[in-house]
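Right, one structure below, let's go through it.
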Amino acid sequence: MKETDRIQMISLGEAGYPSRLAEIKNPPNQLYYIGNLKMLEQPCAAVIGSRTTTTYGRNTGTAIAKRLAEHGVTVVSGMATGIDSCAHNGALGAGGNTAAVLGCGADVCYPPENDGLKRELECKGLIITEYAPGTRAERYNFPTRNRIISGLCEITVVVQARNRSGSLITAELAAEQGREVMAVPGNIDSQYNLGNNKLIKEGATPIISIDDVLEPLGLRRISAEMARHKLSDTEYEIFHLLEEHGEMGIDEVCYHIGKEPAYINPVISVMEMKGFVFTALGKIFLANV
């Protein structure tokens, strides 16, 4: 079977056309796709960033996509190298859903080095584009393509972006479409983080815990039952204490638990690594309720 034989088309107004995308100002009249279009009926989040990135950016992008996929959210990105590839791979690694919006025909692989990822997405996820089969990846296609990435999603997460990154265009489009924009804070002395830090300065929601991306989607991040299963007795006691009282200082936790700071501090550090709490300004907060 030729690859073009696998491509399906759906038009604006037809049953099954992505409902969120139909709401934007200029939705595509036709969409061409390979894979499971129904995954766009689930909550969707765009996870995007620059092609040139750092280990921190790649790890964070993968972790965010993985967490979203674990909670039944379809991860949408652009199949570029860098953060986009990490987003797709993070979702696939979690056994979840992910969709790639292309700036070319569905039968064209761009960039060519992502041929393996594209084939995996065709089988396990979704390839989607407004461009007819055979359309080459032209530079001017991608800014236009970006409105589809944001338009399909309830939230757009910019993981790491340079100052002139196309991800900033997607974030701007998401804001114009009335969708939530979130960004991962990065080192202020790194050119790789100029774009995402600028978004935060301009009002994007900063992500200070991986699970922050679940909050705008209305997802309860963790249950007491899951905490009981994943935490030690002391960790769960602290979890329950914070659940009951809200933010607390280390001295308050020590008082209620009956242990010294030398014992409690390492426990809090382990809980933070597990993603159950985060600390800021001398306070301990639950990250997962």
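Chain labels A, B, ... are given in the sequence in which chains occur in the structure tokens; within each chain residues are numbered consecutively from 1, and ligands are likewise numbered from 1 in the order shown.
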Let's see if you can do this: from backbone DSSP, list all alpha helix (DSSP H) residues in segment 42-150 of chain A, as number ranges by chain. A: 55-70, 83-93, 115-124, 141-150
Distance query segment 263-273 of chain A at most 10 Å, only C-alpha atoms, self and fewer than 3 positions along chain excluded, as a VMD selection string: chain A and resid 209 231 to 232 234 to 236 238 to 239 250 to 251 253 to 254 257 to 260 276 to 279 284 to 287
Can you pull out every residue from segment 177-251 of chain A that DSSP, working from the backbone, puts in strand (DSSP E or B), and format the result as number ranges by chain? A: 180-183, 205-206, 248-249
Output C-alpha atoms for every residue in that selection, as a tab-separated table (two decimals), in the first residue's frame.
```tsv
chain	number	residue	atom	x	y	z
A	180	GLU	CA	-4.03	28.88	28.45
A	181	VAL	CA	-0.31	29.56	27.88
A	182	MET	CA	2.26	28.06	30.25
A	183	ALA	CA	6.06	28.22	30.21
A	205	THR	CA	1.70	30.77	33.83
A	206	PRO	CA	5.08	29.55	35.11
A	248	MET	CA	3.54	24.52	56.29
A	249	GLY	CA	7.02	25.44	57.44
```
Leaving out segment 151-153 of chain A and any residue of its chain fewer than 6 positions from it, which residues lie within 6 Å of it when counting only C-alpha atoms, given as a PyMOL selection string? chain A and resi 20-21+44-45
Env of segment 102-106 of chain A: 10 Å cut, atoms = only C-alpha atoms, seq-sep filter 4 positions within chain, self excluded. Answer as a PyMOL selection string. chain A and resi 3-4+6-8+31-34+77-80+110+118+122+127-146+148-149
Between A:His256, A:Arg179, A:Lys198, A:Lys124, single out the one closest to Asn163 of chain A, counting only C-alpha atoms.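 Looking at the shortest contact to Asn163 of chain A, the residue is A:Lys198.
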Which of these residues is nearest to Val159 of chain A, using only C-alpha atoms: A:Ser190, A:Asn29, A:Gln177, A:Asn59?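 Closest to Val159 of chain A of all the choices is A:Asn59.
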Hey, what's within 9 Å of Ile64 of chain A if we count only C-alpha atoms and toss same-chain stuff fewer than 4 positions away? As a ChimeraX atom specification, please? /A:47,59-60,68-69,87,90-91,157,159,210-211,213
Output file for the residues above (N, CA and C atoms, as a PDB file, in the first residue's frame):
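Just written: part19.pdb:
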```pdb
ATOM      1  N   VAL A  47       2.835  20.708  23.618  1.00  0.00           N
ATOM      2  CA  VAL A  47       4.130  20.761  24.307  1.00  0.00           C
ATOM      3  C   VAL A  47       5.160  21.072  23.231  1.00  0.00           C
ATOM      4  N   ASN A  59      14.912  16.917  28.884  1.00  0.00           N
ATOM      5  CA  ASN A  59      14.397  16.112  30.002  1.00  0.00           C
ATOM      6  C   ASN A  59      13.054  16.636  30.502  1.00  0.00           C
ATOM      7  N   THR A  60      12.940  17.960  30.577  1.00  0.00           N
ATOM      8  CA  THR A  60      11.699  18.558  31.070  1.00  0.00           C
ATOM      9  C   THR A  60      10.560  18.342  30.078  1.00  0.00           C
ATOM     10  N   LEU A  68       1.388  14.203  31.213  1.00  0.00           N
ATOM     11  CA  LEU A  68       0.121  14.483  30.541  1.00  0.00           C
ATOM     12  C   LEU A  68      -0.486  13.206  29.969  1.00  0.00           C
ATOM     13  N   ALA A  69       0.342  12.428  29.264  1.00  0.00           N
ATOM     14  CA  ALA A  69      -0.145  11.195  28.644  1.00  0.00           C
ATOM     15  C   ALA A  69      -0.648  10.211  29.685  1.00  0.00           C
ATOM     16  N   ALA A  87       8.594  15.674  23.202  1.00  0.00           N
ATOM     17  CA  ALA A  87       7.189  15.639  23.595  1.00  0.00           C
ATOM     18  C   ALA A  87       6.504  14.385  23.045  1.00  0.00           C
ATOM     19  N   GLY A  90       7.985  11.274  24.751  1.00  0.00           N
ATOM     20  CA  GLY A  90       7.545  11.158  26.139  1.00  0.00           C
ATOM     21  C   GLY A  90       6.155  10.572  26.241  1.00  0.00           C
ATOM     22  N   ALA A  91       5.251  11.025  25.377  1.00  0.00           N
ATOM     23  CA  ALA A  91       3.885  10.502  25.379  1.00  0.00           C
ATOM     24  C   ALA A  91       3.850   9.050  24.924  1.00  0.00           C
ATOM     25  N   VAL A 157       2.104  24.612  26.205  1.00  0.00           N
ATOM     26  CA  VAL A 157       3.238  24.637  27.131  1.00  0.00           C
ATOM     27  C   VAL A 157       4.517  24.866  26.337  1.00  0.00           C
ATOM     28  N   VAL A 159       8.318  24.797  26.562  1.00  0.00           N
ATOM     29  CA  VAL A 159       9.311  24.213  27.468  1.00  0.00           C
ATOM     30  C   VAL A 159      10.607  25.011  27.450  1.00  0.00           C
ATOM     31  N   ILE A 210       6.164  19.742  37.650  1.00  0.00           N
ATOM     32  CA  ILE A 210       5.697  19.035  36.449  1.00  0.00           C
ATOM     33  C   ILE A 210       4.179  18.938  36.432  1.00  0.00           C
ATOM     34  N   ASP A 211       3.579  18.695  37.582  1.00  0.00           N
ATOM     35  CA  ASP A 211       2.134  18.480  37.641  1.00  0.00           C
ATOM     36  C   ASP A 211       1.318  19.756  37.497  1.00  0.00           C
ATOM     37  N   VAL A 213       0.970  21.360  34.935  1.00  0.00           N
ATOM     38  CA  VAL A 213       0.318  21.331  33.617  1.00  0.00           C
ATOM     39  C   VAL A 213      -1.051  20.663  33.668  1.00  0.00           C
TER      40      VAL A 213
END
```
May I ask for the distance between atom CA of Met9 of chain A and atom CA of His88 of chain A, given in Å to one decimal place?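 Atom CA of His88 of chain A lies at a distance of 22.6 Å from atom CA of Met9 of chain A.
Restricting the calculation to only C-alpha atoms, the smallest distance between Ala161 of chain A and any of A:Lys38, A:His71, A:Arg58, A:Lys283 is found for A:Arg58.
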With a distance cut-off of 10 Å and only C-alpha atoms, select the neighbouring residues of Tyr192 of chain A, excluding the residue or stretch itself and same-chain residues fewer than 3 positions from it, and output the selection as a ChimeraX atom specification. /A:49-50,52-54,57,160-163,165,186-189,195-197
Suppose you want the space between atom CA of Ile208 of chain A and atom CA of Leu40 of chain A; what is it in Å? 27.0 Å
